[in-house]
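Novice: Handing over run32.cif, mmCIF, C-alpha atoms.
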```cif
data_protein
loop_
_atom_site.label_atom_id
_atom_site.label_comp_id
_atom_site.auth_asym_id
_atom_site.auth_seq_id
_atom_site.Cartn_x
_atom_site.Cartn_y
_atom_site.Cartn_z
CA MET A 1 162.74 113.91 115.27
CA THR A 2 164.99 111.06 116.32
CA GLY A 3 168.64 110.58 115.49
CA GLY A 4 168.63 113.84 113.51
CA GLN A 5 166.18 112.44 110.96
CA ASP A 6 162.82 114.04 110.19
CA ARG A 7 159.86 111.69 110.34
CA THR A 8 156.24 111.89 109.27
CA ARG A 9 153.45 110.13 111.14
CA LEU A 10 151.68 107.77 108.75
CA GLY A 11 149.09 106.41 111.17
CA TYR A 12 148.73 104.15 114.20
CA PHE A 13 148.34 100.45 114.90
CA LEU A 14 144.79 99.18 115.32
CA GLY A 15 145.60 95.62 116.35
CA PRO A 16 146.52 92.18 115.05
CA HIS A 17 145.82 90.99 111.52
CA GLY A 18 145.91 87.19 111.43
CA VAL A 19 147.88 84.95 113.77
CA LYS A 20 151.46 85.37 112.49
CA GLY A 21 152.24 88.90 113.66
CA GLY A 22 150.54 91.06 111.07
CA VAL A 23 149.23 94.34 112.46
CA LYS A 24 146.57 96.61 110.95
CA VAL A 25 147.35 100.30 110.54
CA TYR A 26 144.89 103.18 110.55
CA VAL A 27 146.41 105.24 107.74
CA LEU A 28 146.52 109.04 107.77
CA GLY A 29 146.41 110.03 104.14
CA ASP A 30 146.96 107.66 101.23
CA GLN A 31 147.79 104.02 101.94
CA GLU A 32 150.02 104.02 98.83
CA GLN A 33 152.68 105.86 100.86
CA PHE A 34 153.44 102.51 102.56
CA ARG A 35 154.03 100.58 99.36
CA ALA A 36 157.74 101.37 98.86
CA LEU A 37 158.81 101.56 102.52
CA LYS A 38 161.46 99.12 103.64
CA ARG A 39 161.25 100.21 107.29
CA VAL A 40 159.01 102.18 109.66
CA PHE A 41 159.63 103.89 112.97
CA VAL A 42 157.35 102.52 115.69
CA GLU A 43 156.74 104.75 118.69
CA GLY A 44 158.66 103.39 121.66
CA ARG A 45 160.24 100.58 119.60
CA GLY A 46 162.43 102.32 117.04
CA TRP A 47 163.04 101.36 113.42
CA LEU A 48 161.60 98.02 112.29
CA ARG A 49 162.05 96.38 108.88
CA VAL A 50 158.88 95.86 106.84
CA ALA A 51 158.90 92.17 105.92
CA ARG A 52 155.58 92.27 104.07
CA LEU A 53 152.76 94.68 103.32
CA GLU A 54 149.11 93.86 102.67
CA MET A 55 146.84 96.50 101.19
CA LEU A 56 143.46 96.44 102.93
CA ALA A 57 140.28 98.36 102.34
CA PRO A 58 140.79 100.67 104.17
CA GLY A 59 144.32 100.81 105.53
CA VAL A 60 147.20 98.37 105.43
CA ALA A 61 148.55 95.43 107.40
CA LEU A 62 152.26 95.44 108.15
CA HIS A 63 154.35 92.37 108.89
CA LEU A 64 157.40 93.64 110.75
CA ALA A 65 160.69 91.94 111.53
CA GLY A 66 160.57 90.51 115.04
CA VAL A 67 156.78 90.63 115.31
CA THR A 68 155.86 87.01 114.67
CA SER A 69 152.78 86.29 116.79
CA ARG A 70 149.32 87.66 117.36
CA GLU A 71 150.37 88.53 120.93
CA ALA A 72 153.38 90.52 119.72
CA ALA A 73 151.14 92.39 117.24
CA GLU A 74 148.65 93.11 120.06
CA GLU A 75 151.43 94.86 122.02
CA LEU A 76 151.70 97.43 119.20
CA ARG A 77 148.01 98.47 119.43
CA GLY A 78 147.70 102.27 119.66
CA LEU A 79 151.36 103.02 118.87
CA ASN A 80 152.12 105.59 116.17
CA VAL A 81 153.87 104.59 112.93
CA PHE A 82 156.28 106.96 111.20
CA ALA A 83 158.45 107.01 108.06
CA ALA A 84 161.60 108.96 107.35
CA ASP A 85 160.64 111.94 105.22
CA ASP A 86 163.33 111.18 102.66
CA GLU A 87 162.08 107.58 102.25
CA LEU A 88 158.51 108.50 101.35
CA PRO A 89 157.54 108.08 97.70
CA GLU A 90 157.19 111.20 95.57
CA PRO A 91 153.51 112.17 95.71
CA GLU A 92 151.53 112.93 92.58
CA GLU A 93 151.19 116.55 91.51
CA GLY A 94 148.86 118.53 93.76
CA VAL A 95 149.32 116.12 96.69
CA TYR A 96 151.51 117.14 99.63
CA TYR A 97 152.79 115.40 102.73
CA TYR A 98 151.92 116.98 106.06
CA HIS A 99 155.62 117.58 106.82
CA GLU A 100 155.89 119.71 103.67
CA LEU A 101 153.22 122.08 105.01
CA ARG A 102 154.45 122.38 108.62
CA GLY A 103 156.48 125.54 109.15
CA LEU A 104 155.08 127.31 106.09
CA THR A 105 153.85 130.88 106.29
CA LEU A 106 150.16 131.52 105.67
CA HIS A 107 149.48 134.76 103.81
CA GLY A 108 146.25 136.67 103.34
CA ALA A 109 144.75 137.34 99.92
CA SER A 110 146.61 140.66 99.71
CA GLY A 111 149.97 139.15 100.73
CA GLU A 112 150.09 140.03 104.43
CA VAL A 113 151.52 137.40 106.80
CA LEU A 114 148.72 135.83 108.85
CA GLY A 115 150.59 133.12 110.71
CA GLU A 116 152.59 129.91 110.56
CA VAL A 117 151.39 126.36 110.00
CA VAL A 118 152.51 124.45 113.09
CA ASP A 119 150.75 121.18 112.28
CA VAL A 120 148.33 119.46 109.94
CA GLU A 121 145.59 117.18 111.23
CA ASP A 122 143.52 114.58 109.45
CA GLY A 123 139.96 115.82 109.95
CA GLY A 124 138.47 112.78 108.24
CA HIS A 125 136.67 114.48 105.38
CA GLN A 126 139.36 117.16 104.98
CA ASP A 127 142.78 118.07 106.30
CA LEU A 128 143.05 120.91 108.79
CA LEU A 129 145.98 123.30 109.03
CA VAL A 130 146.84 124.29 112.60
CA VAL A 131 147.88 127.92 112.21
CA ARG A 132 149.60 129.90 114.98
CA HIS A 133 148.84 133.61 114.73
CA GLU A 134 148.82 136.68 116.97
CA SER A 135 145.48 135.68 118.58
CA GLY A 136 146.49 132.06 119.26
CA GLU A 137 145.95 128.97 117.12
CA SER A 138 143.16 128.16 114.67
CA PHE A 139 142.12 125.30 112.44
CA VAL A 140 141.98 126.27 108.78
CA PRO A 141 140.45 123.76 106.36
CA LEU A 142 142.96 122.86 103.67
CA GLN A 143 140.37 123.15 100.96
CA ALA A 144 140.45 124.55 97.47
CA PRO A 145 139.61 127.21 96.48
CA TYR A 146 140.12 128.81 99.93
CA VAL A 147 143.75 127.84 100.53
CA LEU A 148 146.26 128.19 97.70
CA VAL A 149 149.57 126.31 97.75
CA ASN A 150 152.46 128.36 96.35
CA LEU A 151 155.15 126.08 94.91
CA ASN A 152 158.92 126.38 94.71
CA ASP A 153 161.11 125.54 91.70
CA ARG A 154 160.90 121.81 92.52
CA ARG A 155 157.06 122.01 92.45
CA ARG A 156 156.83 121.46 96.23
CA PRO A 157 155.06 123.75 98.75
CA ALA A 158 156.84 127.03 99.56
CA SER A 159 154.03 128.97 101.26
CA LEU A 160 150.25 129.06 101.59
CA ALA A 161 147.75 131.83 100.97
CA LEU A 162 144.06 132.35 101.68
CA SER A 163 142.13 133.26 98.56
CA VAL A 164 139.72 136.18 98.35
CA ASP A 165 136.93 133.57 98.50
CA ALA A 166 137.99 132.22 101.92
CA PRO A 167 135.31 132.58 104.61
CA ALA A 168 135.82 135.56 106.92
CA GLY A 169 136.95 134.91 110.48
CA LEU A 170 139.07 131.80 109.94
CA LEU A 171 141.84 133.14 112.18
CA GLU A 172 139.77 135.00 114.76
CA ALA A 173 139.80 134.04 118.42
CA ASP A 174 137.03 131.67 119.40
CA ALA A 175 133.65 133.35 119.79
CA PRO A 176 132.19 133.46 123.33
CA GLU A 177 130.01 130.51 124.24
CA ALA A 178 126.25 130.84 123.85
CA GLY A 179 124.47 131.84 127.05
CA GLY A 180 127.33 134.05 128.23
CA ASP A 181 126.88 137.43 129.97
CA ASP A 182 124.99 139.65 127.55
CA ALA A 183 123.31 141.83 130.14
#
```
Taking this structure as input, can you express it in the form of C-alpha cells?
Specialist:
Amino acid sequence: MTGGQDRTRLGYFLGPHGVKGGVKVYVLGDQEQFRALKRVFVEGRGWLRVARLEMLAPGVALHLAGVTSREAAEELRGLNVFAADDELPEPEEGVYYYHELRGLTLHGASGEVLGEVVDVEDGGHQDLLVVRHESGESFVPLQAPYVLVNLNDRRRPASLALSVDAPAGLLEADAPEAGGDDA
C-alpha cells in the first residue's frame, strides 16, 4: 500500500521490447487487465503513465512516460508492476482478482473456520491460496470443485470454503522428511 491506496501486483518487467523504451511484462493472471489502465505503479519508481500498450503472446509490452530508450527499459528489468485496485477492469463472472481473496476466511465443509487467506500465488497451472491457520501456513490449490467462493450481494468474493470433495490434509503441518528417525 502506498499513499493510502491499495494496489495489486500484475506482474514484473522482463526486459526491453524494441529500441524506443517498450518493456515486456510477465503477466500474473489475464493480460486483459492491462488494457484499460492509464497508469501503473512501478516498484521503486512510483506511478508512471501508460503511453501505449502492445498485447503479446504471452504477456504485454508497456510504453511508459519517461521511458524512451532501450537502456531506460533495461533499468526496469525485474521490477514489479502494480495497478490501483479501483482502476482494474471489472472481471468476468467467476473470475477474481488476487486482492479480492486476500483477507478472506476459509471455512471447512461443515462451516468451521479453518484459517485466513494471507496471499494468493500464481502457481503456473493453478493459483495457490496461502492460508494461515493454527498450525502455520499452507498452500491450498484454488481449484474447483475443492474450493468454493461464497459471493456477497455485489457478486464479489465474501469468503471461501473447502468442499466435502477436497483432499484430506490440505491444512496439516508438513509431513516429516523421508529418511527421518523411525527407529
Novice: Can you work out the spacing between atom CA of A:Ala65 and atom CA of A:Tyr12 in Å, to one decimal?
Specialist: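 Value for the atom CA of A:Ala65-atom CA of A:Tyr12 distance: 17.3 Å.
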Novice: Have a look at A:Thr8, A:Asn150, A:Thr68, A:Ser138 and name the one nearest to A:Tyr98; count all atoms listed in the file.
Specialist: A:Thr8
Novice: How would you write, as number ranges by chain, the residues chosen by the PyMOL selection byres ((chain A and resi 10) around 12) on this structure?
Specialist: A: 7-9, 11-13, 25-34, 37, 40-43, 59-60, 79-85, 88, 97-99, 121-122
Novice: Considering all atoms listed in the file, can you say which of A:Pro167, A:Glu90, A:Gly78, A:Leu53 comes closest to A:Arg154?
Specialist: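 Closest candidate: A:Glu90.
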Novice: What would the selection look like, as an MDAnalysis selection string, if the PyMOL selection byres ((chain A and resi 23) around 9) were run on the coordinates I just shared?
Specialist: chainID A and resid 13:18 21:22 24:25 60:64 67 70 73:74 76:77
Novice: Once the PyMOL selection byres ((chain A and resi 128-131) around 12) has been evaluated on this model, what residues remain selected, and can you format them as an MDAnalysis selection string?
Specialist: chainID A and resid 98:107 113:127 132:143 147 160:162 170:173
Novice: With all atoms of stretch 55-58 of chain A from the file as input, state the centre and edge lengths in Å to one decimal of the axis-aligned box that has 4 Å extra on each side, as lines of an AutoDock Vina configuration file.
Specialist:
```
center_x = 143.6
center_y = 98.6
center_z = 102.7
size_x = 14.6
size_y = 12.2
size_z = 11.0
```
Novice: Can you work out the spacing between atom CA of A:Arg155 and atom CA of A:Glu93 in Å, to one decimal?
Specialist: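 Spanning atom CA of A:Arg155 to atom CA of A:Glu93 is a straight-line distance of 8.1 Å.
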Novice: When you draw a straight line from atom CA of A:Leu151 to atom CA of A:Gly94, how long is it in Å?
Specialist: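 Atom-to-atom, atom CA of A:Leu151 and atom CA of A:Gly94 are spaced 9.9 Å apart.
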